[in-house]
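For reference, the structure is listed below as structure tokens.
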Amino acid sequence: MAELGERFKEQVALLGKDGSLVSIIARPAALRGDDRPAIVILNTGIIHRVGHHRMYVTLSRELAAAGHTVVRFDFSGIGDSGPVSDRMPPLASCLEQIKSVVDSLAQTYRVTRFVLIGLCSGADHAILYADDDERVVGLVLMDPTLPPTLRYYFHYVLQRLPHARNWLNFVTGRSGLLKMLAGHLTQRLRAPLNSSELAPQNLQFSPHLARCYRVAARRRVNMLAVFTRVSARHTYPQQILDAFPETGGGGRLRLEYFPESDHHFSPPQARARLFRAIADWVESI
């Protein structure tokens, strides 16, 4: 059996409208004639394209060795990518940059189907972008933003009941739960109706986020939703189904839960399991 490094090749590319987005494209050494989707891996916050502990380097190479064209790139102003001159809001600018990368891959490699992979803010960018591009047939969403549900609050309280300090904070008015409820109420009241006003801090309760999940479900976009045990965005794996019931129809959503992992998939066993789950899922779409 050939070693992993013999089954893929990598190259640096400057993508985007002005060639400012520094990217690494990994492709299988032996190209296949089937219509496999290309894969675009998105930044997590300000972490550049290698990902936490180089997780995206390994993931992209494994997917390329399995036969996919994979690109991991830096948004403008992150890593090696320079700033862009557009005057768009940051979130809208990121979505436009994803489009420019997808367009470049489609033109250069004649790819017609795409899968977006993202962790945290990268997951949010992925679901928001898929709303306007029917070429996206799959999404890997790791710890995405979700609105809290009643069950979310129940689990939040249940997880903190054993700790006496939490009770003391509640009695003295310093409870994190009370502060969170007040913050959630404020966010809900201020949630923008116009998608042009979206920002990471007001996305959680935005009607536009719910709309994007409905559109993805209606278009039968395949979704792999991955959740870790530590995240302020969720307290139980099925929260995505309760928040966005449409995603549960048609068998297009697969849930994976990693109770042994932190938000960055630092434990080697968790990371290996994550990569297997993504590779198996990609092969099924």
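Residue numbering restarts at 1 in every chain; chains get A, B, ... in the order shown in the structure tokens, and ligands count up from 1 in that same order.
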
Item to check | Long-range neighbours of range 224-241 of chain A as number ranges by chain, 8 Å cut-off, only C-alpha atoms, 6 positions minimum in chain | outcome: A: 138-149, 151-152, 155-156, 247-248, 253-263, 278, 281

Include N, CA and C atoms and write out the residues we just selected as a PDB file, in the first residue's frame.
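Written output follows (result_22.pdb):
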```pdb
ATOM      1  N   GLY A 138     -22.761  19.676   0.597  1.00  0.00           N
ATOM      2  CA  GLY A 138     -22.456  19.108   1.896  1.00  0.00           C
ATOM      3  C   GLY A 138     -21.823  20.122   2.823  1.00  0.00           C
ATOM      4  N   LEU A 139     -22.110  19.983   4.126  1.00  0.00           N
ATOM      5  CA  LEU A 139     -21.568  20.868   5.142  1.00  0.00           C
ATOM      6  C   LEU A 139     -21.107  20.043   6.332  1.00  0.00           C
ATOM      7  N   VAL A 140     -19.889  20.287   6.786  1.00  0.00           N
ATOM      8  CA  VAL A 140     -19.406  19.715   8.043  1.00  0.00           C
ATOM      9  C   VAL A 140     -19.366  20.860   9.040  1.00  0.00           C
ATOM     10  N   LEU A 141     -20.261  20.805  10.024  1.00  0.00           N
ATOM     11  CA  LEU A 141     -20.443  21.893  10.978  1.00  0.00           C
ATOM     12  C   LEU A 141     -20.002  21.417  12.352  1.00  0.00           C
ATOM     13  N   MET A 142     -18.866  21.898  12.812  1.00  0.00           N
ATOM     14  CA  MET A 142     -18.324  21.509  14.114  1.00  0.00           C
ATOM     15  C   MET A 142     -18.587  22.618  15.126  1.00  0.00           C
ATOM     16  N   ASP A 143     -19.378  22.318  16.145  1.00  0.00           N
ATOM     17  CA  ASP A 143     -19.768  23.284  17.174  1.00  0.00           C
ATOM     18  C   ASP A 143     -20.265  24.595  16.562  1.00  0.00           C
ATOM     19  N   PRO A 144     -21.286  24.531  15.703  1.00  0.00           N
ATOM     20  CA  PRO A 144     -21.813  25.764  15.113  1.00  0.00           C
ATOM     21  C   PRO A 144     -22.640  26.557  16.118  1.00  0.00           C
ATOM     22  N   THR A 145     -22.942  27.792  15.773  1.00  0.00           N
ATOM     23  CA  THR A 145     -23.833  28.613  16.583  1.00  0.00           C
ATOM     24  C   THR A 145     -25.245  28.048  16.532  1.00  0.00           C
ATOM     25  N   LEU A 146     -25.861  27.880  17.703  1.00  0.00           N
ATOM     26  CA  LEU A 146     -27.238  27.421  17.796  1.00  0.00           C
ATOM     27  C   LEU A 146     -27.987  28.303  18.781  1.00  0.00           C
ATOM     28  N   PRO A 147     -29.254  28.605  18.522  1.00  0.00           N
ATOM     29  CA  PRO A 147     -30.029  29.321  19.538  1.00  0.00           C
ATOM     30  C   PRO A 147     -30.342  28.394  20.699  1.00  0.00           C
ATOM     31  N   PRO A 148     -30.363  28.912  21.921  1.00  0.00           N
ATOM     32  CA  PRO A 148     -30.677  28.057  23.067  1.00  0.00           C
ATOM     33  C   PRO A 148     -32.140  27.640  23.061  1.00  0.00           C
ATOM     34  N   THR A 149     -32.393  26.428  23.488  1.00  0.00           N
ATOM     35  CA  THR A 149     -33.742  25.893  23.620  1.00  0.00           C
ATOM     36  C   THR A 149     -34.058  25.725  25.111  1.00  0.00           C
ATOM     37  N   ARG A 151     -34.555  22.968  26.551  1.00  0.00           N
ATOM     38  CA  ARG A 151     -33.727  21.844  27.003  1.00  0.00           C
ATOM     39  C   ARG A 151     -32.285  22.292  27.213  1.00  0.00           C
ATOM     40  N   TYR A 152     -31.836  23.260  26.414  1.00  0.00           N
ATOM     41  CA  TYR A 152     -30.492  23.823  26.604  1.00  0.00           C
ATOM     42  C   TYR A 152     -30.350  24.360  28.021  1.00  0.00           C
ATOM     43  N   HIS A 155     -30.332  21.548  30.701  1.00  0.00           N
ATOM     44  CA  HIS A 155     -29.035  20.874  30.813  1.00  0.00           C
ATOM     45  C   HIS A 155     -27.989  21.802  31.423  1.00  0.00           C
ATOM     46  N   TYR A 156     -28.064  23.083  31.098  1.00  0.00           N
ATOM     47  CA  TYR A 156     -27.114  24.052  31.655  1.00  0.00           C
ATOM     48  C   TYR A 156     -27.201  24.056  33.180  1.00  0.00           C
ATOM     49  N   THR A 247     -33.995  20.255   9.745  1.00  0.00           N
ATOM     50  CA  THR A 247     -32.763  19.534   9.414  1.00  0.00           C
ATOM     51  C   THR A 247     -32.880  18.040   9.656  1.00  0.00           C
ATOM     52  N   GLY A 248     -33.874  17.619  10.431  1.00  0.00           N
ATOM     53  CA  GLY A 248     -34.015  16.202  10.749  1.00  0.00           C
ATOM     54  C   GLY A 248     -34.736  15.403   9.699  1.00  0.00           C
ATOM     55  N   LEU A 253     -29.126  14.691   7.720  1.00  0.00           N
ATOM     56  CA  LEU A 253     -28.295  15.169   8.830  1.00  0.00           C
ATOM     57  C   LEU A 253     -27.738  13.988   9.601  1.00  0.00           C
ATOM     58  N   ARG A 254     -26.422  14.001   9.804  1.00  0.00           N
ATOM     59  CA  ARG A 254     -25.781  13.004  10.655  1.00  0.00           C
ATOM     60  C   ARG A 254     -25.180  13.725  11.858  1.00  0.00           C
ATOM     61  N   LEU A 255     -25.466  13.216  13.041  1.00  0.00           N
ATOM     62  CA  LEU A 255     -24.957  13.797  14.277  1.00  0.00           C
ATOM     63  C   LEU A 255     -23.810  12.959  14.821  1.00  0.00           C
ATOM     64  N   GLU A 256     -22.763  13.635  15.262  1.00  0.00           N
ATOM     65  CA  GLU A 256     -21.649  12.982  15.937  1.00  0.00           C
ATOM     66  C   GLU A 256     -21.358  13.762  17.219  1.00  0.00           C
ATOM     67  N   TYR A 257     -21.211  13.043  18.314  1.00  0.00           N
ATOM     68  CA  TYR A 257     -20.961  13.683  19.606  1.00  0.00           C
ATOM     69  C   TYR A 257     -19.639  13.172  20.168  1.00  0.00           C
ATOM     70  N   PHE A 258     -18.810  14.112  20.645  1.00  0.00           N
ATOM     71  CA  PHE A 258     -17.487  13.798  21.166  1.00  0.00           C
ATOM     72  C   PHE A 258     -17.393  14.227  22.631  1.00  0.00           C
ATOM     73  N   PRO A 259     -17.976  13.451  23.540  1.00  0.00           N
ATOM     74  CA  PRO A 259     -17.934  13.842  24.956  1.00  0.00           C
ATOM     75  C   PRO A 259     -16.531  13.836  25.542  1.00  0.00           C
ATOM     76  N   GLU A 260     -15.597  13.150  24.862  1.00  0.00           N
ATOM     77  CA  GLU A 260     -14.226  13.055  25.373  1.00  0.00           C
ATOM     78  C   GLU A 260     -13.327  14.174  24.861  1.00  0.00           C
ATOM     79  N   SER A 261     -13.877  15.069  24.037  1.00  0.00           N
ATOM     80  CA  SER A 261     -13.025  16.046  23.363  1.00  0.00           C
ATOM     81  C   SER A 261     -13.293  17.463  23.827  1.00  0.00           C
ATOM     82  N   ASP A 262     -12.256  18.304  23.711  1.00  0.00           N
ATOM     83  CA  ASP A 262     -12.444  19.734  23.890  1.00  0.00           C
ATOM     84  C   ASP A 262     -12.886  20.349  22.565  1.00  0.00           C
ATOM     85  N   HIS A 263     -13.062  21.647  22.569  1.00  0.00           N
ATOM     86  CA  HIS A 263     -13.585  22.361  21.405  1.00  0.00           C
ATOM     87  C   HIS A 263     -12.656  22.263  20.195  1.00  0.00           C
ATOM     88  N   ILE A 278     -15.496  12.234   9.225  1.00  0.00           N
ATOM     89  CA  ILE A 278     -15.613  13.135   8.076  1.00  0.00           C
ATOM     90  C   ILE A 278     -15.343  12.376   6.777  1.00  0.00           C
ATOM     91  N   TRP A 281     -18.257  10.088   5.943  1.00  0.00           N
ATOM     92  CA  TRP A 281     -19.435  10.863   5.560  1.00  0.00           C
ATOM     93  C   TRP A 281     -19.285  11.439   4.154  1.00  0.00           C
TER      94      TRP A 281
END
```

Pick out each residue of range 76-280 of chain A that DSSP on the backbone tags as helix (DSSP H, G or I); I need them as a CSV table (one decimal) with N, CA and C atoms, in the first residue's frame.
```csv
chain,number,residue,atom,x,y,z
A,90,PRO,N,-17.5,42.9,7.6
A,90,PRO,CA,-16.6,41.7,7.7
A,90,PRO,C,-17.3,40.4,7.3
A,91,LEU,N,-18.5,40.1,7.8
A,91,LEU,CA,-19.1,38.8,7.6
A,91,LEU,C,-19.5,38.7,6.1
A,92,ALA,N,-20.0,39.7,5.5
A,92,ALA,CA,-20.4,39.7,4.1
A,92,ALA,C,-19.1,39.5,3.2
A,93,SER,N,-18.0,40.2,3.7
A,93,SER,CA,-16.7,40.1,2.9
A,93,SER,C,-16.2,38.6,3.0
A,94,CYS,N,-16.3,37.9,4.1
A,94,CYS,CA,-15.9,36.5,4.2
A,94,CYS,C,-16.7,35.7,3.3
A,95,LEU,N,-18.0,35.9,3.2
A,95,LEU,CA,-18.9,35.1,2.3
A,95,LEU,C,-18.5,35.3,0.9
A,96,GLU,N,-18.2,36.6,0.5
A,96,GLU,CA,-17.8,36.9,-0.8
A,96,GLU,C,-16.4,36.2,-1.2
A,97,GLN,N,-15.5,36.1,-0.2
A,97,GLN,CA,-14.2,35.5,-0.4
A,97,GLN,C,-14.4,33.9,-0.6
A,98,ILE,N,-15.3,33.4,0.1
A,98,ILE,CA,-15.6,31.9,-0.1
A,98,ILE,C,-16.1,31.7,-1.5
A,99,LYS,N,-17.0,32.6,-2.0
A,99,LYS,CA,-17.5,32.5,-3.4
A,99,LYS,C,-16.4,32.6,-4.4
A,100,SER,N,-15.4,33.5,-4.1
A,100,SER,CA,-14.3,33.6,-5.1
A,100,SER,C,-13.4,32.4,-5.1
A,101,VAL,N,-13.3,31.7,-4.0
A,101,VAL,CA,-12.5,30.5,-3.9
A,101,VAL,C,-13.2,29.3,-4.6
A,102,VAL,N,-14.5,29.2,-4.3
A,102,VAL,CA,-15.4,28.2,-5.0
A,102,VAL,C,-15.4,28.4,-6.5
A,103,ASP,N,-15.5,29.7,-6.9
A,103,ASP,CA,-15.5,30.0,-8.4
A,103,ASP,C,-14.2,29.6,-9.0
A,104,SER,N,-13.1,29.8,-8.3
A,104,SER,CA,-11.8,29.5,-8.9
A,104,SER,C,-11.6,28.0,-9.0
A,105,LEU,N,-12.0,27.2,-8.0
A,105,LEU,CA,-11.9,25.8,-8.1
A,105,LEU,C,-12.8,25.2,-9.2
A,106,ALA,N,-14.0,25.8,-9.3
A,106,ALA,CA,-14.9,25.3,-10.3
A,106,ALA,C,-14.4,25.6,-11.7
A,107,GLN,N,-13.7,26.7,-11.9
A,107,GLN,CA,-13.2,27.0,-13.3
A,107,GLN,C,-11.9,26.3,-13.6
A,108,THR,N,-11.0,26.2,-12.6
A,108,THR,CA,-9.7,25.5,-12.8
A,108,THR,C,-9.8,24.0,-12.9
A,109,TYR,N,-10.6,23.4,-12.1
A,109,TYR,CA,-10.7,21.9,-12.0
A,109,TYR,C,-12.0,21.3,-12.5
A,121,SER,N,-16.8,29.5,14.3
A,121,SER,CA,-17.2,30.6,13.3
A,121,SER,C,-17.1,30.1,11.9
A,122,GLY,N,-16.1,29.1,11.6
A,122,GLY,CA,-16.1,28.5,10.3
A,122,GLY,C,-17.3,27.8,9.9
A,123,ALA,N,-17.9,27.1,10.9
A,123,ALA,CA,-19.2,26.4,10.7
A,123,ALA,C,-20.3,27.4,10.3
A,124,ASP,N,-20.3,28.5,11.0
A,124,ASP,CA,-21.3,29.6,10.8
A,124,ASP,C,-21.1,30.1,9.4
A,125,HIS,N,-19.9,30.4,9.0
A,125,HIS,CA,-19.7,30.9,7.6
A,125,HIS,C,-20.2,29.9,6.6
A,126,ALA,N,-20.0,28.6,6.9
A,126,ALA,CA,-20.4,27.6,5.9
A,126,ALA,C,-21.9,27.5,5.7
A,127,ILE,N,-22.7,27.5,6.8
A,127,ILE,CA,-24.1,27.5,6.6
A,127,ILE,C,-24.7,28.7,6.0
A,128,LEU,N,-24.1,29.9,6.3
A,128,LEU,CA,-24.5,31.1,5.8
A,128,LEU,C,-24.2,31.2,4.3
A,129,TYR,N,-23.0,30.7,3.9
A,129,TYR,CA,-22.7,30.7,2.5
A,129,TYR,C,-23.5,29.8,1.7
A,130,ALA,N,-23.8,28.6,2.2
A,130,ALA,CA,-24.6,27.6,1.4
A,130,ALA,C,-26.0,28.1,1.1
A,150,LEU,N,-35.3,25.4,25.4
A,150,LEU,CA,-35.6,25.1,26.8
A,150,LEU,C,-34.8,24.0,27.4
A,151,ARG,N,-34.6,23.0,26.6
A,151,ARG,CA,-33.7,21.8,27.0
A,151,ARG,C,-32.3,22.3,27.2
A,152,TYR,N,-31.8,23.3,26.4
A,152,TYR,CA,-30.5,23.8,26.6
A,152,TYR,C,-30.4,24.4,28.0
A,153,TYR,N,-31.3,25.2,28.5
A,153,TYR,CA,-31.3,25.8,29.8
A,153,TYR,C,-31.4,24.7,30.9
A,154,PHE,N,-32.2,23.7,30.6
A,154,PHE,CA,-32.3,22.6,31.6
A,154,PHE,C,-31.0,21.9,31.8
A,155,HIS,N,-30.3,21.5,30.7
A,155,HIS,CA,-29.0,20.9,30.8
A,155,HIS,C,-28.0,21.8,31.4
A,156,TYR,N,-28.1,23.1,31.1
A,156,TYR,CA,-27.1,24.1,31.7
A,156,TYR,C,-27.2,24.1,33.2
A,157,VAL,N,-28.4,24.1,33.7
A,157,VAL,CA,-28.6,24.1,35.1
A,157,VAL,C,-28.2,22.7,35.7
A,158,LEU,N,-28.6,21.7,35.1
A,158,LEU,CA,-28.3,20.3,35.6
A,158,LEU,C,-26.8,20.1,35.7
A,159,GLN,N,-26.1,20.6,34.8
A,159,GLN,CA,-24.6,20.4,34.8
A,159,GLN,C,-24.0,21.2,36.0
A,160,ARG,N,-24.7,22.2,36.5
A,160,ARG,CA,-24.1,23.0,37.5
A,160,ARG,C,-24.7,22.8,38.9
A,164,ALA,N,-21.7,23.7,44.8
A,164,ALA,CA,-22.3,24.6,45.8
A,164,ALA,C,-22.0,26.1,45.5
A,165,ARG,N,-20.9,26.4,44.8
A,165,ARG,CA,-20.6,27.7,44.5
A,165,ARG,C,-21.6,28.3,43.5
A,166,ASN,N,-22.2,27.5,42.7
A,166,ASN,CA,-23.2,28.0,41.7
A,166,ASN,C,-24.4,28.4,42.5
A,167,TRP,N,-24.8,27.7,43.5
A,167,TRP,CA,-26.0,28.1,44.3
A,167,TRP,C,-25.7,29.4,45.0
A,168,LEU,N,-24.5,29.5,45.6
A,168,LEU,CA,-24.2,30.8,46.3
A,168,LEU,C,-24.3,32.0,45.3
A,169,ASN,N,-23.7,31.8,44.1
A,169,ASN,CA,-23.8,32.9,43.1
A,169,ASN,C,-25.2,33.2,42.7
A,170,PHE,N,-26.1,32.2,42.7
A,170,PHE,CA,-27.4,32.4,42.3
A,170,PHE,C,-28.1,33.2,43.4
A,171,VAL,N,-27.9,32.8,44.6
A,171,VAL,CA,-28.6,33.5,45.8
A,171,VAL,C,-28.1,35.0,45.9
A,176,GLY,N,-24.0,33.0,36.8
A,176,GLY,CA,-23.8,33.0,35.4
A,176,GLY,C,-25.0,32.8,34.6
A,177,LEU,N,-25.9,32.0,35.1
A,177,LEU,CA,-27.2,31.7,34.4
A,177,LEU,C,-28.0,32.9,34.2
A,178,LEU,N,-28.1,33.7,35.3
A,178,LEU,CA,-28.9,35.0,35.2
A,178,LEU,C,-28.3,35.9,34.2
A,179,LYS,N,-27.0,36.0,34.2
A,179,LYS,CA,-26.3,36.9,33.3
A,179,LYS,C,-26.5,36.4,31.9
A,180,MET,N,-26.5,35.1,31.7
A,180,MET,CA,-26.7,34.5,30.3
A,180,MET,C,-28.1,34.8,29.9
A,181,LEU,N,-29.1,34.6,30.8
A,181,LEU,CA,-30.5,34.8,30.4
A,181,LEU,C,-30.7,36.3,30.0
A,182,ALA,N,-30.1,37.2,30.8
A,182,ALA,CA,-30.2,38.6,30.4
A,182,ALA,C,-29.6,38.9,29.1
A,183,GLY,N,-28.4,38.3,28.8
A,183,GLY,CA,-27.7,38.5,27.6
A,183,GLY,C,-28.5,37.9,26.4
A,184,HIS,N,-29.1,36.7,26.6
A,184,HIS,CA,-29.9,36.1,25.5
A,184,HIS,C,-31.1,36.9,25.2
A,185,LEU,N,-31.8,37.5,26.2
A,185,LEU,CA,-32.9,38.3,26.0
A,185,LEU,C,-32.6,39.6,25.2
A,186,THR,N,-31.4,40.2,25.6
A,186,THR,CA,-31.0,41.3,24.8
A,186,THR,C,-30.7,41.0,23.4
A,187,GLN,N,-30.0,39.9,23.2
A,187,GLN,CA,-29.6,39.4,21.8
A,187,GLN,C,-30.9,39.2,21.0
A,188,ARG,N,-31.9,38.6,21.6
A,188,ARG,CA,-33.1,38.2,20.9
A,188,ARG,C,-33.8,39.5,20.5
A,189,LEU,N,-33.9,40.5,21.4
A,189,LEU,CA,-34.6,41.7,21.0
A,189,LEU,C,-33.8,42.5,20.0
A,190,ARG,N,-32.5,42.4,19.9
A,190,ARG,CA,-31.7,43.1,19.0
A,190,ARG,C,-31.4,42.4,17.7
A,195,SER,N,-30.1,40.7,6.6
A,195,SER,CA,-28.9,39.9,6.6
A,195,SER,C,-27.6,40.7,6.5
A,196,SER,N,-27.7,41.9,5.9
A,196,SER,CA,-26.6,42.8,5.8
A,196,SER,C,-26.1,43.3,7.1
A,197,GLU,N,-26.9,43.2,8.2
A,197,GLU,CA,-26.5,43.6,9.5
A,197,GLU,C,-25.9,42.5,10.3
A,200,PRO,N,-21.1,38.1,14.0
A,200,PRO,CA,-21.0,36.9,14.9
A,200,PRO,C,-21.7,37.1,16.2
A,201,GLN,N,-21.6,38.3,16.7
A,201,GLN,CA,-22.2,38.5,18.1
A,201,GLN,C,-23.7,38.6,18.1
A,202,ASN,N,-24.4,38.8,16.9
A,202,ASN,CA,-25.8,38.8,16.9
A,202,ASN,C,-26.5,37.7,16.0
A,207,PRO,N,-33.2,35.6,12.6
A,207,PRO,CA,-34.1,34.8,11.8
A,207,PRO,C,-33.4,34.4,10.5
A,208,HIS,N,-32.3,35.1,10.1
A,208,HIS,CA,-31.6,34.7,8.9
A,208,HIS,C,-30.9,33.4,9.1
A,209,LEU,N,-30.3,33.2,10.2
A,209,LEU,CA,-29.6,31.9,10.5
A,209,LEU,C,-30.6,30.7,10.4
A,210,ALA,N,-31.8,30.9,11.0
A,210,ALA,CA,-32.8,29.9,10.9
A,210,ALA,C,-33.3,29.6,9.5
A,211,ARG,N,-33.3,30.7,8.7
A,211,ARG,CA,-33.7,30.6,7.3
A,211,ARG,C,-32.6,29.8,6.5
A,212,CYS,N,-31.4,30.0,6.8
A,212,CYS,CA,-30.3,29.3,6.1
A,212,CYS,C,-30.4,27.8,6.4
A,213,TYR,N,-30.7,27.4,7.6
A,213,TYR,CA,-30.9,26.0,7.9
A,213,TYR,C,-32.1,25.4,7.2
A,214,ARG,N,-33.2,26.2,7.1
A,214,ARG,CA,-34.4,25.8,6.4
A,214,ARG,C,-34.1,25.6,4.9
A,215,VAL,N,-33.4,26.5,4.3
A,215,VAL,CA,-33.0,26.4,2.9
A,215,VAL,C,-32.1,25.2,2.6
A,216,ALA,N,-31.2,25.0,3.5
A,216,ALA,CA,-30.3,23.8,3.3
A,216,ALA,C,-31.1,22.5,3.4
A,217,ALA,N,-32.0,22.5,4.3
A,217,ALA,CA,-32.9,21.3,4.4
A,217,ALA,C,-33.7,21.1,3.2
A,218,ARG,N,-34.3,22.2,2.7
A,218,ARG,CA,-35.2,22.1,1.5
A,218,ARG,C,-34.4,21.7,0.3
A,239,GLN,N,-29.6,19.4,20.2
A,239,GLN,CA,-30.1,20.8,20.2
A,239,GLN,C,-30.3,21.4,18.8
A,240,ILE,N,-29.5,20.9,17.8
A,240,ILE,CA,-29.7,21.4,16.5
A,240,ILE,C,-31.0,21.0,15.9
A,241,LEU,N,-31.5,19.8,16.3
A,241,LEU,CA,-32.8,19.3,15.8
A,241,LEU,C,-33.9,20.0,16.5
A,242,ASP,N,-33.8,20.4,17.7
A,242,ASP,CA,-34.8,21.1,18.4
A,242,ASP,C,-34.9,22.6,17.9
A,243,ALA,N,-33.7,23.2,17.6
A,243,ALA,CA,-33.6,24.5,17.2
A,243,ALA,C,-34.1,24.7,15.7
A,245,PRO,N,-35.9,22.1,13.4
A,245,PRO,CA,-36.5,20.8,13.1
A,245,PRO,C,-36.4,20.3,11.7
A,246,GLU,N,-36.3,21.3,10.7
A,246,GLU,CA,-36.3,20.9,9.3
A,246,GLU,C,-35.1,20.1,9.0
A,247,THR,N,-34.0,20.3,9.7
A,247,THR,CA,-32.8,19.5,9.4
A,247,THR,C,-32.9,18.0,9.7
A,248,GLY,N,-33.9,17.6,10.4
A,248,GLY,CA,-34.0,16.2,10.7
A,248,GLY,C,-34.7,15.4,9.7
A,249,GLY,N,-35.3,16.1,8.7
A,249,GLY,CA,-36.0,15.3,7.7
A,249,GLY,C,-35.2,14.8,6.6
A,250,GLY,N,-35.6,13.7,6.0
A,250,GLY,CA,-34.9,13.1,4.8
A,250,GLY,C,-33.6,12.4,5.0
A,251,GLY,N,-33.2,12.3,6.3
A,251,GLY,CA,-32.0,11.6,6.6
A,251,GLY,C,-30.7,12.3,6.1
A,268,PRO,N,-5.6,13.1,20.8
A,268,PRO,CA,-5.3,12.4,19.5
A,268,PRO,C,-6.4,11.4,19.1
A,269,GLN,N,-7.0,10.7,20.1
A,269,GLN,CA,-8.1,9.7,19.8
A,269,GLN,C,-9.3,10.4,19.2
A,270,ALA,N,-9.7,11.6,19.8
A,270,ALA,CA,-10.8,12.3,19.4
A,270,ALA,C,-10.6,12.8,17.9
A,271,ARG,N,-9.4,13.3,17.7
A,271,ARG,CA,-9.1,13.8,16.4
A,271,ARG,C,-9.1,12.7,15.3
A,272,ALA,N,-8.5,11.6,15.7
A,272,ALA,CA,-8.5,10.4,14.7
A,272,ALA,C,-10.0,10.0,14.4
A,273,ARG,N,-10.8,10.0,15.4
A,273,ARG,CA,-12.2,9.6,15.2
A,273,ARG,C,-12.9,10.6,14.4
A,274,LEU,N,-12.6,11.9,14.6
A,274,LEU,CA,-13.2,13.0,13.8
A,274,LEU,C,-12.9,12.8,12.3
A,275,PHE,N,-11.6,12.6,12.1
A,275,PHE,CA,-11.2,12.4,10.7
A,275,PHE,C,-11.8,11.3,10.0
A,276,ARG,N,-12.0,10.2,10.7
A,276,ARG,CA,-12.7,9.0,10.2
A,276,ARG,C,-14.1,9.3,9.9
A,277,ALA,N,-14.8,10.0,10.8
A,277,ALA,CA,-16.2,10.3,10.6
A,277,ALA,C,-16.4,11.2,9.4
A,278,ILE,N,-15.5,12.2,9.2
A,278,ILE,CA,-15.6,13.1,8.1
A,278,ILE,C,-15.3,12.4,6.8
A,279,ALA,N,-14.3,11.6,6.8
A,279,ALA,CA,-14.0,10.8,5.5
A,279,ALA,C,-15.1,9.9,5.1
A,280,ASP,N,-15.6,9.1,6.1
A,280,ASP,CA,-16.7,8.2,5.8
A,280,ASP,C,-18.0,9.0,5.3
```

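Among the candidates A:Ala29, A:Leu198, A:Leu59, A:Leu203, the residue lying nearest to Arg72 in chain A is A:Leu59 (atoms considered: only C-alpha atoms).
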
Checklist entry - Can you tell me how far CA of Ile25 in chain A sits from CA of Ile47 in chain A, in Å to one decimal? => result 18.0 Å

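Among A:Leu31, A:Thr58, A:Pro37, A:Leu21, the residue with the shortest atom-to-atom distance to Ile78 in chain A, counting only C-alpha atoms, is A:Leu21.
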
Next on the checklist: Residues of range 44-176 of chain A classed as strand (DSSP E or B) by DSSP on the backbone are to be reported as a ChimeraX atom specification.
Outcome noted: /A:44,47,70-73,114-119,136-142

Could you turn the residues from that selection into a file that holds C-alpha atoms, as a PDB file, in the first residue's frame?
```
ATOM      1  CA  THR A  44     -11.763  29.203  12.734  1.00  0.00           C
ATOM      2  CA  ILE A  47      -6.600  30.794  13.438  1.00  0.00           C
ATOM      3  CA  VAL A  70      -9.200  20.137  -1.055  1.00  0.00           C
ATOM      4  CA  VAL A  71      -8.397  23.783  -0.429  1.00  0.00           C
ATOM      5  CA  ARG A  72      -7.651  25.469   2.857  1.00  0.00           C
ATOM      6  CA  PHE A  73      -7.206  29.213   2.644  1.00  0.00           C
ATOM      7  CA  PHE A 114     -18.605  21.391  -3.071  1.00  0.00           C
ATOM      8  CA  VAL A 115     -18.409  20.527   0.611  1.00  0.00           C
ATOM      9  CA  LEU A 116     -17.604  23.227   3.175  1.00  0.00           C
ATOM     10  CA  ILE A 117     -15.934  22.329   6.474  1.00  0.00           C
ATOM     11  CA  GLY A 118     -15.797  24.663   9.448  1.00  0.00           C
ATOM     12  CA  LEU A 119     -15.327  24.738  13.207  1.00  0.00           C
ATOM     13  CA  VAL A 136     -22.752  23.329  -2.068  1.00  0.00           C
ATOM     14  CA  VAL A 137     -23.993  19.777  -1.507  1.00  0.00           C
ATOM     15  CA  GLY A 138     -22.456  19.108   1.896  1.00  0.00           C
ATOM     16  CA  LEU A 139     -21.568  20.868   5.142  1.00  0.00           C
ATOM     17  CA  VAL A 140     -19.406  19.715   8.043  1.00  0.00           C
ATOM     18  CA  LEU A 141     -20.443  21.893  10.978  1.00  0.00           C
ATOM     19  CA  MET A 142     -18.324  21.509  14.114  1.00  0.00           C
TER      20      MET A 142
END
```

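Minimum distance to Arg113 in chain A across A:Ser76, A:Asp132, A:Asn43, A:Arg36 (counting only C-alpha atoms) occurs at A:Arg36.
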